[in-house]
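As provided, my_file16.txt (compact mmCIF, C-alpha atoms and all ligand atoms) reads as follows.
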```txt
# COMPACT_ATOMS: atom_id res chain seq x y z
CA MET A 47 5.75 -48.61 51.75
CA LYS A 48 6.53 -46.16 48.94
CA ILE A 49 6.48 -42.51 49.93
CA LEU A 50 7.23 -39.24 48.18
CA ALA A 51 9.80 -37.05 49.97
CA ALA A 52 11.73 -33.82 49.45
CA VAL A 53 15.27 -35.15 49.82
CA ALA A 54 18.35 -33.06 50.69
CA PRO A 55 20.86 -34.85 48.41
CA SER A 56 24.13 -33.30 49.62
CA ALA A 57 25.40 -30.39 51.73
CA GLY A 58 24.13 -27.08 50.36
CA ALA A 59 22.29 -28.60 47.39
CA PRO A 60 18.62 -27.86 46.56
CA PHE A 61 15.95 -30.36 47.63
CA VAL A 62 14.94 -33.06 45.15
CA ASN A 63 11.50 -34.70 45.13
CA LYS A 64 11.94 -38.44 45.17
CA SER A 65 10.18 -41.72 45.85
CA LEU A 66 11.63 -43.62 48.85
CA ASN A 67 10.79 -46.66 50.97
CA LEU A 68 9.51 -46.09 54.51
CA ASP A 69 9.52 -48.87 57.12
CA ASP A 70 6.33 -50.19 58.68
CA PRO A 71 5.61 -48.77 62.14
CA ARG A 72 7.16 -50.72 65.02
CA ASP A 73 5.28 -51.35 68.27
CA ASP A 74 5.96 -47.87 69.64
CA GLU A 75 5.66 -45.96 66.36
CA VAL A 76 2.90 -44.05 64.61
CA LEU A 77 2.54 -43.74 60.83
CA VAL A 78 1.21 -40.29 59.93
CA ARG A 79 -0.10 -39.13 56.55
CA ILE A 80 1.38 -35.65 56.43
CA GLN A 81 -1.04 -32.85 55.47
CA GLY A 82 1.34 -29.94 55.99
CA VAL A 83 4.85 -29.35 57.31
CA GLY A 84 6.51 -26.09 58.33
CA VAL A 85 10.01 -25.12 57.28
CA CYS A 86 12.09 -24.16 60.32
CA HIS A 87 15.54 -22.58 60.49
CA THR A 88 17.06 -25.86 61.72
CA ASP A 89 15.97 -27.57 58.48
CA LEU A 90 17.94 -25.00 56.52
CA VAL A 91 20.98 -25.31 58.79
CA ALA A 92 20.83 -29.07 58.29
CA GLN A 93 20.44 -28.68 54.52
CA ALA A 94 23.51 -26.43 54.48
CA GLY A 95 25.53 -29.25 56.02
CA VAL A 96 26.34 -27.55 59.32
CA LEU A 97 24.86 -30.34 61.46
CA PRO A 98 26.58 -33.72 61.77
CA LEU A 99 23.99 -35.41 59.53
CA LYS A 100 24.80 -37.74 56.64
CA PHE A 101 23.36 -37.09 53.18
CA PRO A 102 21.06 -37.87 51.48
CA ALA A 103 18.61 -36.91 54.19
CA VAL A 104 14.90 -36.28 54.68
CA LEU A 105 14.51 -33.27 56.96
CA GLY A 106 11.31 -31.60 58.17
CA HIS A 107 10.29 -31.38 61.83
CA GLU A 108 7.03 -29.44 61.95
CA GLY A 109 4.70 -32.03 60.51
CA ALA A 110 0.96 -32.30 60.98
CA GLY A 111 -1.32 -34.97 59.59
CA ILE A 112 -3.67 -37.85 60.09
CA VAL A 113 -2.71 -41.04 61.89
CA GLU A 114 -2.73 -43.88 59.36
CA ARG A 115 -1.51 -46.82 61.48
CA VAL A 116 -0.21 -47.33 65.00
CA GLY A 117 2.11 -49.91 66.56
CA ALA A 118 0.72 -52.43 69.06
CA LYS A 119 1.95 -50.53 72.14
CA VAL A 120 0.67 -47.09 71.12
CA ARG A 121 -2.16 -45.84 73.36
CA LYS A 122 -2.21 -42.08 72.83
CA VAL A 123 -3.70 -42.00 69.32
CA LYS A 124 -5.61 -44.16 66.88
CA PRO A 125 -6.00 -44.19 63.09
CA GLY A 126 -7.91 -41.13 61.90
CA ASP A 127 -6.70 -38.83 64.69
CA GLN A 128 -5.27 -35.48 63.63
CA VAL A 129 -1.83 -34.87 65.15
CA ILE A 130 1.07 -32.43 65.39
CA LEU A 131 4.61 -33.84 65.32
CA SER A 132 7.14 -32.21 67.64
CA PHE A 133 10.68 -32.96 68.84
CA MET A 134 11.77 -36.26 70.40
CA SER A 135 13.00 -36.90 73.93
CA CYS A 136 13.93 -40.03 75.85
CA GLY A 137 11.30 -39.90 78.61
CA HIS A 138 13.52 -41.17 81.41
CA CYS A 139 16.50 -38.82 81.94
CA PRO A 140 16.50 -36.23 84.79
CA SER A 141 15.12 -33.49 82.49
CA CYS A 142 12.39 -35.67 81.00
CA GLU A 143 11.37 -36.87 84.46
CA ASP A 144 11.11 -33.20 85.42
CA HIS A 145 8.79 -32.54 82.40
CA GLU A 146 11.51 -30.52 80.65
CA PRO A 147 12.08 -32.68 77.54
CA ALA A 148 13.67 -29.77 75.61
CA TYR A 149 16.72 -30.34 77.83
CA CYS A 150 16.66 -34.12 77.40
CA TYR A 151 20.10 -35.65 77.89
CA GLN A 152 19.58 -37.53 74.59
CA LEU A 153 18.20 -34.56 72.65
CA THR A 154 20.87 -34.43 69.93
CA ALA A 155 21.01 -38.18 69.38
CA LEU A 156 17.23 -38.54 69.23
CA ASN A 157 16.58 -35.56 66.95
CA MET A 158 19.67 -35.44 64.76
CA GLY A 159 21.01 -38.97 64.95
CA GLY A 160 19.63 -39.80 61.48
CA SER A 161 18.20 -43.15 62.55
CA ARG A 162 16.05 -44.76 65.22
CA PRO A 163 17.65 -44.84 68.70
CA ASP A 164 18.77 -48.45 68.05
CA GLY A 165 20.59 -47.35 64.89
CA SER A 166 18.15 -48.88 62.41
CA HIS A 167 16.99 -46.75 59.49
CA THR A 168 13.38 -45.97 58.60
CA LEU A 169 14.13 -44.70 55.07
CA HIS A 170 15.76 -46.37 52.07
CA ASP A 171 16.32 -45.51 48.44
CA GLY A 172 16.51 -48.93 46.82
CA ASP A 173 19.28 -50.69 48.78
CA SER A 174 20.85 -47.49 50.13
CA VAL A 175 20.15 -45.95 53.48
CA VAL A 176 18.68 -42.42 53.66
CA THR A 177 19.06 -40.32 56.80
CA GLY A 178 15.67 -40.12 58.52
CA SER A 179 14.11 -39.86 61.98
CA PHE A 180 14.97 -36.14 61.92
CA PHE A 181 13.36 -34.80 65.12
CA GLY A 182 11.68 -38.19 65.32
CA GLN A 183 9.74 -37.55 62.10
CA SER A 184 11.53 -36.50 58.84
CA SER A 185 8.27 -35.00 57.67
CA PHE A 186 9.26 -33.38 54.36
CA ALA A 187 7.28 -36.25 52.86
CA ASN A 188 3.73 -37.46 52.39
CA TYR A 189 4.18 -40.07 55.15
CA SER A 190 6.22 -39.94 58.34
CA LEU A 191 7.04 -42.30 61.20
CA ALA A 192 6.77 -40.65 64.61
CA GLN A 193 6.53 -41.95 68.16
CA GLU A 194 3.99 -41.62 70.91
CA ARG A 195 6.25 -39.17 72.76
CA ASN A 196 6.50 -36.61 69.99
CA ILE A 197 2.91 -36.43 68.79
CA VAL A 198 0.09 -34.28 70.11
CA LYS A 199 -3.58 -34.54 69.18
CA ILE A 200 -4.99 -31.49 67.42
CA LEU A 201 -7.95 -29.79 69.09
CA PRO A 202 -11.10 -29.41 66.96
CA GLY A 203 -11.12 -26.05 65.19
CA VAL A 204 -7.34 -25.78 64.76
CA PRO A 205 -6.43 -25.88 61.04
CA LEU A 206 -4.70 -29.22 60.41
CA GLU A 207 -2.55 -28.22 57.41
CA ILE A 208 -0.66 -25.49 59.25
CA ALA A 209 -0.78 -26.80 62.84
CA GLY A 210 2.68 -28.40 62.58
CA VAL A 211 4.38 -25.03 63.03
CA LEU A 212 3.33 -25.23 66.69
CA GLY A 213 5.68 -28.22 67.01
CA CYS A 214 8.91 -26.22 66.80
CA GLY A 215 9.36 -22.61 65.66
CA VAL A 216 6.17 -21.18 67.08
CA GLN A 217 6.44 -22.97 70.43
CA THR A 218 10.06 -21.82 70.68
CA GLY A 219 9.10 -18.14 70.47
CA ALA A 220 5.95 -18.40 72.54
CA GLY A 221 7.53 -20.67 75.13
CA ALA A 222 10.49 -18.32 75.53
CA ILE A 223 8.05 -15.69 76.80
CA LEU A 224 5.51 -17.85 78.63
CA ARG A 225 7.79 -20.54 80.07
CA SER A 226 11.55 -19.99 79.82
CA MET A 227 11.56 -16.32 80.86
CA ASP A 228 8.03 -16.41 82.32
CA CYS A 229 7.67 -12.69 81.55
CA LYS A 230 5.65 -10.62 84.01
CA PRO A 231 2.53 -8.78 82.83
CA GLY A 232 3.21 -5.06 82.55
CA ALA A 233 6.94 -5.49 81.89
CA SER A 234 8.80 -4.45 78.74
CA LEU A 235 10.34 -6.71 76.11
CA LEU A 236 12.69 -6.38 73.16
CA VAL A 237 12.54 -9.10 70.53
CA ILE A 238 15.51 -9.09 68.17
CA GLY A 239 14.52 -10.56 64.81
CA GLY A 240 10.97 -10.59 63.40
CA GLY A 241 10.91 -14.06 61.85
CA ALA A 242 8.47 -16.79 62.86
CA VAL A 243 10.13 -17.35 66.24
CA GLY A 244 10.33 -13.62 67.04
CA LEU A 245 6.75 -12.89 66.00
CA SER A 246 5.50 -15.90 67.97
CA ALA A 247 7.20 -14.34 70.98
CA VAL A 248 5.43 -11.06 70.20
CA MET A 249 2.02 -12.79 70.11
CA ALA A 250 2.71 -14.52 73.42
CA ALA A 251 3.91 -11.27 75.00
CA LYS A 252 0.71 -9.53 73.97
CA ALA A 253 -1.35 -12.39 75.35
CA ARG A 254 0.64 -12.21 78.62
CA GLY A 255 -0.07 -8.48 78.92
CA LEU A 256 3.40 -6.97 78.59
CA SER A 257 3.19 -3.19 78.38
CA ARG A 258 5.83 -2.43 75.76
CA ILE A 259 6.84 -4.85 73.04
CA LEU A 260 9.78 -3.61 70.97
CA LEU A 261 10.91 -5.32 67.80
CA GLY A 262 14.28 -5.02 66.10
CA GLU A 263 13.81 -6.20 62.51
CA ARG A 264 15.53 -5.01 59.35
CA LEU A 265 12.70 -5.89 56.94
CA ASP A 266 10.16 -3.07 56.74
CA SER A 267 7.76 -5.49 55.04
CA ARG A 268 7.24 -7.18 58.43
CA ARG A 269 5.94 -4.02 60.10
CA ASP A 270 2.24 -4.36 59.36
CA ILE A 271 1.99 -7.93 60.55
CA ALA A 272 4.24 -7.21 63.54
CA ARG A 273 2.07 -4.31 64.66
CA GLU A 274 -1.07 -6.39 64.19
CA LEU A 275 0.40 -9.12 66.39
CA GLY A 276 1.32 -6.77 69.22
CA VAL A 277 4.54 -4.79 68.59
CA THR A 278 4.25 -1.34 70.16
CA ASP A 279 7.59 0.12 68.99
CA PHE A 280 10.02 -0.63 66.18
CA VAL A 281 13.72 -0.24 66.77
CA ASN A 282 15.42 -0.54 63.44
CA PRO A 283 18.03 2.19 63.10
CA PRO A 284 19.83 2.17 59.73
CA ASP A 285 23.20 2.18 61.51
CA GLY A 286 22.23 -0.92 63.52
CA ASN A 287 22.51 0.97 66.83
CA LEU A 288 19.69 -0.72 68.71
CA ALA A 289 20.83 0.31 72.17
CA ASP A 290 20.44 4.07 71.66
CA GLU A 291 17.02 3.58 70.15
CA VAL A 292 15.85 1.34 73.01
CA LEU A 293 17.18 3.73 75.67
CA ARG A 294 15.43 6.65 73.97
CA LEU A 295 12.13 4.79 74.42
CA LEU A 296 12.94 3.20 77.80
CA PRO A 297 15.63 5.19 79.62
CA ASN A 298 16.09 2.52 82.32
CA GLY A 299 16.45 -0.24 79.75
CA VAL A 300 14.18 -3.08 78.80
CA ASP A 301 13.13 -5.81 81.26
CA TYR A 302 13.34 -8.80 78.92
CA VAL A 303 15.36 -9.33 75.75
CA LEU A 304 14.83 -12.27 73.43
CA ASP A 305 17.39 -12.70 70.67
CA THR A 306 16.35 -14.89 67.75
CA THR A 307 19.17 -13.90 65.37
CA GLY A 308 22.55 -14.76 66.85
CA VAL A 309 23.96 -11.73 65.02
CA PRO A 310 27.08 -10.73 67.00
CA SER A 311 26.78 -6.96 66.31
CA LEU A 312 23.27 -6.98 67.82
CA LEU A 313 24.07 -9.28 70.74
CA GLU A 314 26.96 -7.03 71.74
CA GLN A 315 24.46 -4.24 72.44
CA VAL A 316 22.31 -6.21 74.88
CA PRO A 317 24.37 -5.29 77.98
CA ARG A 318 23.74 -1.60 77.23
CA LEU A 319 20.00 -1.82 76.67
CA ILE A 320 18.87 -4.31 79.34
CA ALA A 321 17.40 -3.04 82.64
CA ARG A 322 18.68 -3.96 86.07
CA ARG A 323 17.36 -7.37 87.14
CA GLY A 324 16.61 -7.95 83.47
CA THR A 325 16.50 -11.31 81.73
CA PHE A 326 18.26 -12.07 78.46
CA GLY A 327 16.93 -15.11 76.62
CA PHE A 328 18.62 -16.42 73.49
CA VAL A 329 17.53 -18.93 70.88
CA GLY A 330 19.63 -17.88 67.86
CA LEU A 331 23.13 -18.81 66.73
CA PRO A 332 25.37 -17.05 64.22
CA PRO A 333 25.83 -18.98 60.99
CA GLY A 334 28.92 -21.14 60.86
CA SER A 335 30.70 -20.32 64.10
CA HIS A 336 28.33 -21.90 66.62
CA THR A 337 30.91 -22.97 69.15
CA ALA A 338 33.08 -19.86 68.92
CA MET A 339 30.36 -17.36 69.93
CA THR A 340 30.33 -16.38 73.59
CA LEU A 341 27.89 -14.29 75.61
CA PRO A 342 28.54 -10.55 75.45
CA PHE A 343 28.46 -9.96 79.22
CA GLY A 344 31.25 -9.23 81.66
CA LEU A 345 31.03 -11.22 84.88
CA MET A 346 31.01 -8.17 87.14
CA ASP A 347 28.49 -6.29 85.03
CA ALA A 348 26.04 -9.20 84.95
CA MET A 349 26.45 -9.69 88.70
CA ARG A 350 26.17 -6.06 89.71
CA ARG A 351 23.02 -5.60 87.66
CA GLY A 352 21.42 -8.85 88.78
CA LEU A 353 20.94 -10.16 85.26
CA THR A 354 19.53 -13.54 84.34
CA LEU A 355 20.97 -15.15 81.21
CA ARG A 356 18.77 -17.87 79.83
CA GLY A 357 19.61 -20.25 77.00
CA ILE A 358 16.39 -21.56 75.45
CA ILE A 359 15.57 -24.72 73.50
CA GLU A 360 12.05 -25.25 72.10
CA GLY A 361 10.67 -22.62 74.50
CA ASP A 362 10.99 -25.11 77.40
CA SER A 363 7.99 -26.89 75.89
CA ASP A 364 6.77 -30.07 77.57
CA VAL A 365 5.22 -30.90 74.14
CA ASP A 366 1.79 -32.25 75.15
CA GLY A 367 0.64 -29.64 77.64
CA PHE A 368 2.20 -26.58 76.09
CA ILE A 369 1.21 -27.22 72.47
CA GLU A 370 -2.32 -27.86 73.68
CA SER A 371 -2.34 -24.58 75.58
CA LEU A 372 -1.17 -22.74 72.44
CA MET A 373 -4.05 -24.32 70.52
CA GLU A 374 -6.46 -23.18 73.25
CA MET A 375 -5.07 -19.65 73.01
CA TYR A 376 -5.52 -19.77 69.23
CA LEU A 377 -9.13 -20.92 69.56
CA ALA A 378 -9.78 -18.12 72.05
CA GLY A 379 -8.44 -15.58 69.55
CA ASN A 380 -5.31 -14.74 71.56
CA PHE A 381 -2.67 -16.45 69.48
CA PRO A 382 -3.31 -15.99 65.73
CA PHE A 383 -0.34 -18.04 64.52
CA ASP A 384 -2.14 -18.68 61.20
CA LYS A 385 -1.27 -15.08 60.24
CA LEU A 386 2.42 -16.03 60.00
CA VAL A 387 1.88 -18.84 57.54
CA ARG A 388 1.90 -19.09 53.75
CA THR A 389 1.39 -22.48 52.15
CA PHE A 390 3.23 -23.88 49.12
CA PRO A 391 3.05 -27.26 47.39
CA MET A 392 5.88 -29.48 48.67
CA ALA A 393 7.03 -29.95 45.09
CA GLU A 394 7.95 -26.24 45.15
CA ILE A 395 10.06 -26.49 48.31
CA ASN A 396 13.10 -24.70 46.86
CA ALA A 397 11.04 -21.75 45.60
CA ALA A 398 9.20 -21.59 48.93
CA ILE A 399 12.44 -21.38 50.89
CA GLU A 400 13.68 -18.65 48.55
CA ALA A 401 10.44 -16.68 49.08
CA GLN A 402 10.96 -16.89 52.85
CA HIS A 403 14.60 -15.89 52.46
CA GLN A 404 13.56 -12.82 50.43
CA GLY A 405 11.13 -11.81 53.18
CA GLU A 406 8.06 -12.43 51.02
CA CYS A 407 6.57 -14.57 53.77
CA VAL A 408 7.29 -15.20 57.44
CA LYS A 409 6.66 -18.92 57.71
CA VAL A 410 6.44 -21.49 54.94
CA VAL A 411 4.21 -24.54 55.26
CA LEU A 412 4.61 -27.21 52.57
CA ILE A 413 1.62 -29.24 51.46
CA PRO A 414 2.51 -32.73 50.15
ZN ZN A 501 15.29 -37.33 78.26
ZN ZN A 502 12.74 -26.08 64.42
```
What would the structure in this file look like if it were written as structure tokens?
Amino acid sequence: MKILAAVAPSAGAPFVNKSLNLDDPRDDEVLVRIQGVGVCHTDLVAQAGVLPLKFPAVLGHEGAGIVERVGAKVRKVKPGDQVILSFMSCGHCPSCEDHEPAYCYQLTALNMGGSRPDGSHTLHDGDSVVTGSFFGQSSFANYSLAQERNIVKILPGVPLEIAGVLGCGVQTGAGAILRSMDCKPGASLLVIGGGAVGLSAVMAAKARGLSRILLGERLDSRRDIARELGVTDFVNPPDGNLADEVLRLLPNGVDYVLDTTGVPSLLEQVPRLIARRGTFGFVGLPPGSHTAMTLPFGLMDAMRRGLTLRGIIEGDSDVDGFIESLMEMYLAGNFPFDKLVRTFPMAEINAAIEAQHQGECVKVVLIP
């Protein structure tokens, strides 16, 4: 079928709106009419050409929409159902069997392989292949092919257009607090970076009942929303010295630290500002030098202080159960993720990304 997609034509180039051909759904696939799709940091990293993806490519991995058609073997949804699209996993490796699909042994191949697992392509431009199946969806388009494993039914009352953000960025931040670090009520937390992931962590921390929620964020424009979502203290010294500021507020250090930035000058300060028996969770990477960056802790220091260092993918989400629990929290008024979102027409994708880059909005959702 003919679809309309925002195509990344080459590394670092702006998106181009284009008509492409999308395959029919196979037995295990679900065709979704996209109603809204979030823009996540990984889309921008992929657009920049940092990931091993071939161009042209259709990115987008926070889709939400209405099921149009399903393959013969699909049982979970039927045409007309409203769904969120999340990341793909294999379903049969040790992590998947343990309900930890974020650590699937096939995660990279299934989400960034550019094709179906068998190597066939879902997207074509005339006779040429276009990289698709990004996070099992490639949802910067008005239609997307997903699979039973990476779709979740939307609960009544959750706004369809913006619900896709729960499928990656928002679940990463919230899951870091509620699952990966499993923060204790009453404890203290520092979130470094007040983007969509960081502020989702803040919302989850408030819902969990943490006593102090500190935010390190350079944009003053984020303060009002951050405070509304649960931040109790801002640590944003002009000289970038977070540690002194944190220790002034919490002389024994902070119990949990979540870094969403990967900025080396901030990460280097974590050993100074974390409490004994503290947990340091990290979801961010510095631009460009992903493999060169190491953790800023000495072996003896981490041991003597009983620290836990926790790498986090997708907030340890199990997809079905966790996204549903975030929707329940939203419906109960404890997780107002809609406050992060600003919608733009998909045709204005480049301007929308620029607005997010300038700090004019926290989280962009594109409407096809
Ligand atoms: Zn797996
Ligand atoms: Zn993402």
Quick one: which chain A residues come within 7 Å of ligand ZN 502 (chain A), and what is the nearest atom pair for each with the distance in Å to one decimal, counting only C-alpha atoms and all ligand atoms, rows ordered by chain and ascending number, as JSON lines?
```
{"residue": "A:Cys86", "atom": "CA", "partner": "A:ZN502", "partner_atom": "ZN", "distance": 4.6}
{"residue": "A:His87", "atom": "CA", "partner": "A:ZN502", "partner_atom": "ZN", "distance": 6.0}
{"residue": "A:Thr88", "atom": "CA", "partner": "A:ZN502", "partner_atom": "ZN", "distance": 5.1}
{"residue": "A:Asp89", "atom": "CA", "partner": "A:ZN502", "partner_atom": "ZN", "distance": 6.9}
{"residue": "A:His107", "atom": "CA", "partner": "A:ZN502", "partner_atom": "ZN", "distance": 6.4}
{"residue": "A:Cys214", "atom": "CA", "partner": "A:ZN502", "partner_atom": "ZN", "distance": 4.5}
{"residue": "A:Gly215", "atom": "CA", "partner": "A:ZN502", "partner_atom": "ZN", "distance": 5.0}
```
Let's have the selection written as an mmCIF file, in the frame of the given file, with C-alpha atoms.
```cif
data_model
loop_
_atom_site.group_PDB
_atom_site.id
_atom_site.type_symbol
_atom_site.label_atom_id
_atom_site.label_comp_id
_atom_site.auth_asym_id
_atom_site.auth_seq_id
_atom_site.Cartn_x
_atom_site.Cartn_y
_atom_site.Cartn_z
ATOM 1 C CA CYS A 86 12.090 -24.160 60.320
ATOM 2 C CA HIS A 87 15.540 -22.580 60.490
ATOM 3 C CA THR A 88 17.060 -25.860 61.720
ATOM 4 C CA ASP A 89 15.970 -27.570 58.480
ATOM 5 C CA HIS A 107 10.290 -31.380 61.830
ATOM 6 C CA CYS A 214 8.910 -26.220 66.800
ATOM 7 C CA GLY A 215 9.360 -22.610 65.660
#
```
Quiz item: Given the choices A:His145, A:Lys252, A:Arg79, A:Arg72, which gets closest to A:Glu194 if the distance is worked out from all atoms listed in the file?
Solution: A:Arg72
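For the choices A:Leu97, A:Ile112, A:Val123, A:Ala155, the atom-to-atom distance to ligand ZN 501 (chain A) is smallest for A:Ala155 when using all atoms listed in the file.
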Quiz item: Residues at most 8 Å from ligand ZN 501 (chain A), using all atoms listed in the file? Could they come as a ChimeraX atom specification?
Solution: /A:135-143,147,149-153
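Closest approach to A:Ser185 from the set A:Val211, A:Ile320, A:Val292, A:Ile238 is made by A:Val211, with distances taken over all atoms listed in the file.
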Self-check item: Neighbours of point (13.4, -33.1, 60.1) within 7 Å, using all atoms listed in the file, written as a PyMOL selection string
Solution: chain A and resi 89+104-107+180-181+183-185
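Across the model, the gap from atom CA of A:Asp285 to atom CA of A:Phe326 is 22.7 Å.
Distances from A:Lys385, A:Arg225, A:Lys124, A:Lys199 to A:Gly361 were compared using all atoms listed in the file, and the smallest one belongs to A:Arg225.
With all atoms listed in the file taken into account, every residue lying no more than 9 Å from the file point (25.4, -13.1, 68.2) is included here: Asp305, Thr307, Gly308, Val309, Pro310, Ser311, Leu312, Leu313, Glu314, Gly330, Leu331, Pro332, Met339, Thr340, Leu341 and Pro342 of chain A.
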Selection above as a file: C-alpha atoms, as an mmCIF file, in the coordinates of the input:
```cif
data_model
loop_
_atom_site.group_PDB
_atom_site.id
_atom_site.type_symbol
_atom_site.label_atom_id
_atom_site.label_comp_id
_atom_site.auth_asym_id
_atom_site.auth_seq_id
_atom_site.Cartn_x
_atom_site.Cartn_y
_atom_site.Cartn_z
ATOM 1 C CA ASP A 305 17.390 -12.700 70.670
ATOM 2 C CA THR A 307 19.170 -13.900 65.370
ATOM 3 C CA GLY A 308 22.550 -14.760 66.850
ATOM 4 C CA VAL A 309 23.960 -11.730 65.020
ATOM 5 C CA PRO A 310 27.080 -10.730 67.000
ATOM 6 C CA SER A 311 26.780 -6.960 66.310
ATOM 7 C CA LEU A 312 23.270 -6.980 67.820
ATOM 8 C CA LEU A 313 24.070 -9.280 70.740
ATOM 9 C CA GLU A 314 26.960 -7.030 71.740
ATOM 10 C CA GLY A 330 19.630 -17.880 67.860
ATOM 11 C CA LEU A 331 23.130 -18.810 66.730
ATOM 12 C CA PRO A 332 25.370 -17.050 64.220
ATOM 13 C CA MET A 339 30.360 -17.360 69.930
ATOM 14 C CA THR A 340 30.330 -16.380 73.590
ATOM 15 C CA LEU A 341 27.890 -14.290 75.610
ATOM 16 C CA PRO A 342 28.540 -10.550 75.450
#
```
Quiz item: From the set A:Ala338, A:Val85, A:Leu50, A:Ile359, which residue has the shortest atom-to-atom contact distance to A:Ile208, counting all atoms listed in the file?
Solution: A:Val85
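Coordinates place atom CA of A:Glu360 at a distance of 21.5 Å from atom CA of A:Asp301.
You can rank A:Val204, A:Leu386, A:Met349, A:Leu77 by their closest distance to A:Gly240 using all atoms listed in the file, and at the top of that list sits A:Leu386.
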